[in-house]
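*Asks:* Shown below is the structure under consideration.
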Amino acid sequence: MGNYFDLTWDRIDSRVTADHVRHEAAGAVVVFEGVVRNHHKGRSVDRLTYEAYEPMAKKKLEEVGAEAIGQWPELTVAIVHRLGDLAIGEAATVVAVSSPHRGNAFDAARYIMDRIKIVVPIWKKEWFSDGTHEWVRPAPQSSP
Amino acid sequence: MGNYFDLTWDRIDSRVTADHVRHEAAGAVVVFEGVVRNHHKGRSVDRLTYEAYEPMAKKKLEEVGAEAIGQWPELTVAIVHRLGDLAIGEAATVVAVSSPHRGNAFDAARYIMDRIKIVVPIWKKEWFSDGTHEWVRPAPQSSP
Amino acid sequence: MNVKVQVRYFALLRETTGSEGEKYSFPQGTTILELRTQLGSHRPEVMEILSEARFAVNEDFVDDSYVLADGDFVAVIPPVSGG
Amino acid sequence: MNVKVQVRYFALLRETTGSEGEKYSFPQGTTILELRTQLGSHRPEVMEILSEARFAVNEDFVDDSYVLADGDFVAVIPPVSGG
């Protein structure tokens, strides 16, 4: 139990991620799952591949967690990011936070996701149903 | 799969609740768990008892879900509320929402929790470690 | 002619009254505001709870101007604390 | 005396260059800005990607004024899309 940060090539079990942040003083647990969806900007998607600069990505996940705890000291944080090939419906990211109260838990989970998308060196390739593929160029409004 | 609303006297399995909202177009899943914590306003808490006006509580959970879907039409919503005696660490409420994008999923989960605490006829009794007990009189800033 | 209603108590109100609820008979045209006052004069110990409570008829909140109909199921809803 | 650095490519940049990275030797005092320009002139096909990329040295982002040190591990970070 406690803060936890990991990159994994295996399927993420969000229950295991959430269990890291549970403790007796935590009245609120918020779990966010970023899941591979079957469409992006109107195009049909078959699967995704995630690539990371692994040691830096791990370090940045830890830093994002530390930033959140700096803002909300009562927070406990677990972040797991998947790498490799993912099918539709599989989780790419799971963020779990606990806090005595729900407002901070929601704020922190959202903050963490926003920061992950800026500072963690992980890239996503989309494999479209029409046979083409493309590394995603992020636009602020386009992400799950 | 789809929208789901329930009251239960058994332990809530948040994974089962979340599974109701998963589908292939959902890129974001947010799960909120309101968990019995071991303290309230500085007092040590041993356990809680939840009582509901059951038919109305069920109906109001459904209405809160419908309100959220009215605001965010791409949403799928599952809400389960526990009744009876709960130990520390057990979930009293689980709200799971999915959406193509994460912003709406966070907004909706928070909206749903805020509304539940206003319109759903469920009451909570706290059993304190000093042997006393008390029906909770809600204050906006006091809830998990 | 009178209207007969079933009044239901929950939580703190159930414990304070020692009752799950009561059947009442009121003159036609009685409103929730009048019911609120009557219940309070009948049971002074719950006056304060009643003043903070909302009322629901047949599973929907109603305001003080609601006129009771025969057969209504009236739930007294003290401030809720679920979630 | 020159500084030797290891430059590492990822994702789109790795695929476009067909390379995981390269070793370079630069005059002492070379900045990230100069490295960015040199890589672009060496590989015109990635000029646009480089213009949008950030650079990290030894696992931390650095800005264009950073002066390369001997042994630096320089990662070119195109806009990220994790999460």
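Naming works like this for the structure tokens: A, B, ... for the chains as they're shown, residue 1 at the start of each chain, ligands 1 onward in shown order.
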For C:Lys23, work out the shell of residues within 9 Å, counting only C-alpha atoms and skipping chain neighbours fewer than 6 positions away, then give it as a list of chain:residue names.
*Replies:* C:Lys4, C:Val5, C:Gln6, C:Val7, C:Arg8
*Asks:* For the contact check between chain D and chain A, emit one row per residue of chain D within 8 Å, containing the shortest atom pair and the distance in Å rounded to one decimal, counting only C-alpha atoms, chain then rising number order, as a Markdown table.
*Replies:*
| residue | atom | partner | partner_atom | distance |
| --- | --- | --- | --- | --- |
| D:Phe10 | CA | A:Tyr53 | CA | 7.2 |
| D:Ala11 | CA | A:Trp123 | CA | 6.3 |
| D:Leu12 | CA | A:Trp135 | CA | 6.1 |
| D:Glu59 | CA | A:Met56 | CA | 4.8 |
| D:Asp60 | CA | A:Met56 | CA | 7.3 |
| D:Ile77 | CA | A:Pro121 | CA | 6.7 |
| D:Pro79 | CA | A:Arg137 | CA | 6.6 |
| D:Val80 | CA | A:Trp123 | CA | 5.3 |
| D:Ser81 | CA | A:Trp123 | CA | 4.8 |
| D:Gly82 | CA | A:Ile122 | CA | 4.7 |
| D:Gly83 | CA | A:Thr93 | CA | 5.4 |
*Asks:* First superpose chain C onto chain D using a least-squares fit over all Cα atoms taken in order; then report the RMSD in Å.
*Replies:*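 Once chain C is fitted onto chain D, the C-alpha RMSD works out to 0.0 Å.
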*Asks:* Would you list which chain B residues are within 6 Å of chain A using only C-alpha atoms, as a short mmCIF file (atom, residue, chain, number, x, y, z; two decimals) with all heavy atoms, in the first residue's frame?
*Replies:*
data_model
loop_
_atom_site.label_atom_id
_atom_site.label_comp_id
_atom_site.auth_asym_id
_atom_site.auth_seq_id
_atom_site.Cartn_x
_atom_site.Cartn_y
_atom_site.Cartn_z
N GLU B 24 -16.74 -0.44 -26.81
CA GLU B 24 -15.60 -0.24 -27.70
C GLU B 24 -15.33 1.21 -28.09
O GLU B 24 -14.25 1.54 -28.57
CB GLU B 24 -15.78 -1.09 -28.97
CG GLU B 24 -15.82 -2.58 -28.66
CD GLU B 24 -15.31 -3.41 -29.83
OE1 GLU B 24 -15.51 -2.97 -30.98
OE2 GLU B 24 -14.70 -4.46 -29.58
N ALA B 25 -16.32 2.08 -27.93
CA ALA B 25 -16.12 3.48 -28.30
C ALA B 25 -15.71 4.34 -27.09
O ALA B 25 -15.50 5.53 -27.23
CB ALA B 25 -17.40 4.04 -28.93
N ALA B 26 -15.63 3.70 -25.92
CA ALA B 26 -15.34 4.44 -24.68
C ALA B 26 -13.84 4.51 -24.46
O ALA B 26 -13.20 3.51 -24.14
CB ALA B 26 -16.01 3.77 -23.49
N GLY B 27 -13.27 5.69 -24.61
CA GLY B 27 -11.83 5.86 -24.39
C GLY B 27 -11.48 6.17 -22.95
O GLY B 27 -10.33 6.08 -22.56
N ALA B 28 -12.48 6.56 -22.17
CA ALA B 28 -12.22 6.96 -20.80
C ALA B 28 -13.24 6.33 -19.87
O ALA B 28 -14.44 6.39 -20.12
CB ALA B 28 -12.28 8.48 -20.66
N VAL B 29 -12.75 5.71 -18.81
CA VAL B 29 -13.62 5.17 -17.76
C VAL B 29 -13.17 5.81 -16.45
O VAL B 29 -11.99 5.77 -16.11
CB VAL B 29 -13.50 3.64 -17.67
CG1 VAL B 29 -14.33 3.11 -16.50
CG2 VAL B 29 -13.94 2.99 -18.98
N VAL B 30 -14.11 6.44 -15.75
CA VAL B 30 -13.82 7.00 -14.43
C VAL B 30 -14.69 6.27 -13.41
O VAL B 30 -15.90 6.15 -13.61
CB VAL B 30 -14.08 8.52 -14.36
CG1 VAL B 30 -13.99 9.02 -12.91
CG2 VAL B 30 -13.08 9.27 -15.24
N VAL B 31 -14.05 5.77 -12.39
CA VAL B 31 -14.77 5.07 -11.32
C VAL B 31 -14.52 5.82 -10.02
O VAL B 31 -13.37 6.07 -9.65
CB VAL B 31 -14.28 3.61 -11.17
CG1 VAL B 31 -15.04 2.91 -10.06
CG2 VAL B 31 -14.43 2.87 -12.49
N PHE B 32 -15.59 6.22 -9.36
CA PHE B 32 -15.49 6.82 -8.05
C PHE B 32 -16.00 5.83 -7.02
O PHE B 32 -17.06 5.23 -7.19
CB PHE B 32 -16.32 8.10 -7.95
CG PHE B 32 -16.39 8.62 -6.54
CD1 PHE B 32 -15.36 9.39 -6.03
CD2 PHE B 32 -17.46 8.31 -5.71
CE1 PHE B 32 -15.40 9.85 -4.72
CE2 PHE B 32 -17.50 8.76 -4.39
CZ PHE B 32 -16.47 9.53 -3.90
N GLU B 33 -15.25 5.66 -5.94
CA GLU B 33 -15.72 4.86 -4.81
C GLU B 33 -15.75 5.73 -3.56
O GLU B 33 -14.73 6.31 -3.19
CB GLU B 33 -14.77 3.70 -4.53
CG GLU B 33 -14.70 2.69 -5.64
CD GLU B 33 -13.71 1.57 -5.30
OE1 GLU B 33 -13.70 1.10 -4.15
OE2 GLU B 33 -12.95 1.21 -6.20
N GLY B 34 -16.91 5.83 -2.97
CA GLY B 34 -17.03 6.47 -1.66
C GLY B 34 -16.88 5.38 -0.62
O GLY B 34 -17.68 4.45 -0.56
N VAL B 35 -15.83 5.48 0.17
CA VAL B 35 -15.43 4.40 1.06
C VAL B 35 -15.60 4.84 2.51
O VAL B 35 -15.37 6.00 2.84
CB VAL B 35 -13.95 4.04 0.78
CG1 VAL B 35 -13.46 2.96 1.73
CG2 VAL B 35 -13.77 3.62 -0.68
N VAL B 36 -16.00 3.91 3.37
CA VAL B 36 -16.13 4.23 4.79
C VAL B 36 -14.74 4.50 5.37
O VAL B 36 -13.87 3.63 5.32
CB VAL B 36 -16.79 3.07 5.56
CG1 VAL B 36 -16.90 3.44 7.05
CG2 VAL B 36 -18.17 2.78 4.98
N ARG B 37 -14.55 5.71 5.88
CA ARG B 37 -13.24 6.03 6.45
C ARG B 37 -13.32 6.05 7.98
O ARG B 37 -14.41 6.11 8.54
CB ARG B 37 -12.71 7.35 5.89
CG ARG B 37 -13.54 8.55 6.18
CD ARG B 37 -12.85 9.81 5.62
NE ARG B 37 -13.48 10.98 6.19
CZ ARG B 37 -14.53 11.61 5.66
NH1 ARG B 37 -15.05 11.21 4.52
NH2 ARG B 37 -15.05 12.66 6.25
N ASN B 38 -12.16 5.96 8.58
CA ASN B 38 -12.10 5.73 10.05
C ASN B 38 -12.17 7.03 10.85
O ASN B 38 -11.86 7.02 12.05
CB ASN B 38 -10.83 4.94 10.41
CG ASN B 38 -9.56 5.72 10.07
OD1 ASN B 38 -9.61 6.85 9.59
ND2 ASN B 38 -8.42 5.09 10.31
N GLY B 89 -13.39 0.89 5.18
CA GLY B 89 -12.76 0.39 3.96
C GLY B 89 -13.75 -0.17 2.95
O GLY B 89 -13.39 -0.41 1.79
N HIS B 101 -14.19 10.68 -24.36
CA HIS B 101 -13.07 11.52 -23.91
C HIS B 101 -13.10 11.72 -22.40
O HIS B 101 -14.14 11.70 -21.77
CB HIS B 101 -13.10 12.86 -24.63
CG HIS B 101 -13.04 12.71 -26.11
ND1 HIS B 101 -11.88 12.34 -26.75
CD2 HIS B 101 -13.98 12.83 -27.07
CE1 HIS B 101 -12.13 12.25 -28.06
NE2 HIS B 101 -13.40 12.55 -28.27
N ARG B 102 -11.92 11.96 -21.83
CA ARG B 102 -11.81 11.95 -20.36
C ARG B 102 -12.43 13.15 -19.68
O ARG B 102 -12.92 13.02 -18.54
CB ARG B 102 -10.36 11.76 -19.93
CG ARG B 102 -9.46 12.97 -20.06
CD ARG B 102 -8.05 12.59 -19.63
NE ARG B 102 -7.15 13.74 -19.58
CZ ARG B 102 -6.62 14.34 -20.64
NH1 ARG B 102 -6.92 13.92 -21.86
NH2 ARG B 102 -5.80 15.36 -20.50
N PRO B 144 -17.12 12.57 1.82
CA PRO B 144 -16.04 11.97 1.04
C PRO B 144 -16.26 12.14 -0.45
O PRO B 144 -17.39 12.27 -0.87
CB PRO B 144 -16.09 10.49 1.40
CG PRO B 144 -17.46 10.25 1.89
CD PRO B 144 -17.93 11.53 2.50
#
*Asks:* Using DSSP secondary structure from the backbone, list all strand (DSSP E) positions within stretch 11-131 of chain B, as a PyMOL selection string.
*Replies:* chain B and resi 28-35+39-40+43-52+76-82+84-87+91-99+122-128
*Asks:* Quick one: everything within 12 Å of stretch 30-42 of chain C, counting only C-alpha atoms, minus sequence neighbours fewer than 2 positions away in the same chain. Send it as a PDB file with C-alpha atoms, in the first residue's frame.
*Replies:*
ATOM      1  CA  MET C   1     -64.778  14.522   3.121  1.00  0.00           C
ATOM      2  CA  ASN C   2     -61.306  13.814   4.458  1.00  0.00           C
ATOM      3  CA  VAL C   3     -58.185  12.575   2.690  1.00  0.00           C
ATOM      4  CA  LYS C   4     -56.331   9.646   4.214  1.00  0.00           C
ATOM      5  CA  VAL C   5     -52.552   9.601   3.872  1.00  0.00           C
ATOM      6  CA  GLN C   6     -49.765   7.337   5.035  1.00  0.00           C
ATOM      7  CA  VAL C   7     -46.802   9.266   6.507  1.00  0.00           C
ATOM      8  CA  ARG C   8     -43.461   7.476   6.576  1.00  0.00           C
ATOM      9  CA  TYR C   9     -40.417   8.303   8.777  1.00  0.00           C
ATOM     10  CA  LEU C  13     -36.951  10.810  12.437  1.00  0.00           C
ATOM     11  CA  THR C  17     -40.481   9.094  16.964  1.00  0.00           C
ATOM     12  CA  GLY C  21     -44.837   6.062  10.230  1.00  0.00           C
ATOM     13  CA  GLU C  22     -48.466   6.841  10.872  1.00  0.00           C
ATOM     14  CA  LYS C  23     -51.779   7.082   9.083  1.00  0.00           C
ATOM     15  CA  TYR C  24     -53.480  10.475   9.182  1.00  0.00           C
ATOM     16  CA  SER C  25     -56.783  11.845   8.020  1.00  0.00           C
ATOM     17  CA  PHE C  26     -56.999  15.512   7.020  1.00  0.00           C
ATOM     18  CA  PRO C  27     -59.681  17.814   5.593  1.00  0.00           C
ATOM     19  CA  GLN C  28     -59.606  18.057   1.808  1.00  0.00           C
ATOM     20  CA  PRO C  44     -42.980  18.480  19.537  1.00  0.00           C
ATOM     21  CA  GLU C  45     -39.757  16.432  19.881  1.00  0.00           C
ATOM     22  CA  VAL C  46     -39.330  16.326  16.091  1.00  0.00           C
ATOM     23  CA  MET C  47     -40.197  19.972  15.354  1.00  0.00           C
ATOM     24  CA  GLU C  48     -36.596  20.868  14.497  1.00  0.00           C
ATOM     25  CA  ILE C  49     -36.088  17.825  12.240  1.00  0.00           C
ATOM     26  CA  LEU C  50     -39.374  18.593  10.487  1.00  0.00           C
ATOM     27  CA  SER C  51     -38.317  22.180   9.868  1.00  0.00           C
ATOM     28  CA  GLU C  52     -35.251  20.967   7.930  1.00  0.00           C
ATOM     29  CA  ALA C  53     -36.978  18.080   6.180  1.00  0.00           C
ATOM     30  CA  ARG C  54     -38.243  17.902   2.620  1.00  0.00           C
ATOM     31  CA  PHE C  55     -41.360  15.930   1.789  1.00  0.00           C
ATOM     32  CA  ALA C  56     -41.901  13.402  -0.965  1.00  0.00           C
ATOM     33  CA  VAL C  57     -45.252  12.179  -2.209  1.00  0.00           C
ATOM     34  CA  PHE C  61     -40.197  15.670  -3.880  1.00  0.00           C
ATOM     35  CA  VAL C  62     -43.071  18.123  -3.485  1.00  0.00           C
ATOM     36  CA  ASP C  63     -43.057  21.653  -2.136  1.00  0.00           C
ATOM     37  CA  ASP C  64     -45.045  23.080   0.758  1.00  0.00           C
ATOM     38  CA  SER C  65     -47.925  24.136  -1.492  1.00  0.00           C
ATOM     39  CA  TYR C  66     -48.696  20.563  -2.587  1.00  0.00           C
ATOM     40  CA  VAL C  67     -52.295  19.607  -1.745  1.00  0.00           C
ATOM     41  CA  LEU C  68     -52.650  16.118  -0.286  1.00  0.00           C
ATOM     42  CA  ALA C  69     -54.750  13.619  -2.203  1.00  0.00           C
ATOM     43  CA  ASP C  70     -56.493  10.611  -0.744  1.00  0.00           C
ATOM     44  CA  ASP C  72     -50.928   9.639  -0.841  1.00  0.00           C
ATOM     45  CA  VAL C  74     -45.940  10.903   2.198  1.00  0.00           C
ATOM     46  CA  ALA C  75     -42.276  10.409   3.069  1.00  0.00           C
ATOM     47  CA  VAL C  76     -40.552  12.859   5.388  1.00  0.00           C
ATOM     48  CA  ILE C  77     -36.995  13.305   4.110  1.00  0.00           C
TER      49      ILE C  77
END
*Asks:* When DSSP is applied to the backbone of this structure, which of chain C are assigned helix (DSSP H, G or I)? Write them out as an MDAnalysis selection string.
*Replies:* chainID C and resid 11:17 32:42 44:52
*Asks:* Could you pull the residues within 9 Å of A:Val77, counting only C-alpha atoms, minus those fewer than 4 positions along the same chain, as a compact mmCIF listing (two decimals) with N, CA, C and O atoms, in the first residue's frame?
*Replies:*
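Ended up saving to result11.txt:
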# COMPACT_ATOMS: atom_id res chain seq x y z
N GLY A 2 0.41 2.25 -0.78
CA GLY A 2 1.17 3.49 -0.85
C GLY A 2 1.30 3.93 -2.28
O GLY A 2 0.69 3.35 -3.18
N ASN A 3 2.08 4.96 -2.53
CA ASN A 3 2.25 5.45 -3.89
C ASN A 3 2.96 4.40 -4.73
O ASN A 3 3.84 3.67 -4.25
N TYR A 4 2.58 4.33 -6.00
CA TYR A 4 3.09 3.26 -6.85
C TYR A 4 3.12 3.74 -8.30
O TYR A 4 2.14 4.33 -8.77
N PHE A 5 4.21 3.49 -8.99
CA PHE A 5 4.37 3.96 -10.37
C PHE A 5 5.02 2.86 -11.18
O PHE A 5 6.05 2.31 -10.78
N ALA A 18 -5.73 0.13 -8.08
CA ALA A 18 -6.51 0.85 -7.06
C ALA A 18 -6.17 0.37 -5.65
O ALA A 18 -6.16 1.16 -4.70
N HIS A 20 -3.46 -0.30 -4.39
CA HIS A 20 -2.28 0.39 -3.84
C HIS A 20 -2.66 1.62 -3.02
O HIS A 20 -1.95 1.99 -2.10
N VAL A 21 -3.77 2.29 -3.37
CA VAL A 21 -4.06 3.57 -2.73
C VAL A 21 -5.09 3.47 -1.60
O VAL A 21 -5.40 4.46 -0.94
N GLY A 65 3.30 12.19 -10.00
CA GLY A 65 2.71 11.80 -8.72
C GLY A 65 3.17 12.72 -7.60
O GLY A 65 2.36 13.18 -6.78
N ALA A 66 4.45 13.04 -7.57
CA ALA A 66 4.99 13.92 -6.53
C ALA A 66 4.40 15.33 -6.64
O ALA A 66 4.10 15.97 -5.63
N ALA A 68 1.43 16.07 -7.72
CA ALA A 68 0.04 16.00 -7.22
C ALA A 68 0.04 15.96 -5.70
O ALA A 68 -0.76 16.64 -5.04
N ILE A 69 0.92 15.16 -5.13
CA ILE A 69 0.98 15.08 -3.66
C ILE A 69 1.43 16.41 -3.07
O ILE A 69 0.99 16.81 -1.99
N VAL A 95 -4.87 5.40 -13.57
CA VAL A 95 -4.47 6.31 -12.50
C VAL A 95 -5.45 6.10 -11.35
O VAL A 95 -6.66 6.20 -11.55
N ALA A 96 -4.95 5.78 -10.18
CA ALA A 96 -5.81 5.63 -8.99
C ALA A 96 -5.32 6.59 -7.93
O ALA A 96 -4.11 6.68 -7.68
N VAL A 97 -6.24 7.34 -7.34
CA VAL A 97 -5.87 8.23 -6.24
C VAL A 97 -6.87 8.04 -5.11
O VAL A 97 -8.05 7.78 -5.34
N SER A 98 -6.39 8.20 -3.91
CA SER A 98 -7.30 8.23 -2.77
C SER A 98 -7.03 9.48 -1.96
O SER A 98 -5.94 10.05 -2.00
N ALA A 108 -7.23 15.76 -8.42
CA ALA A 108 -5.89 15.18 -8.56
C ALA A 108 -5.83 14.21 -9.74
O ALA A 108 -4.87 14.21 -10.51
N ALA A 109 -6.85 13.37 -9.89
CA ALA A 109 -6.84 12.39 -10.99
C ALA A 109 -6.80 13.11 -12.34
O ALA A 109 -6.07 12.74 -13.25
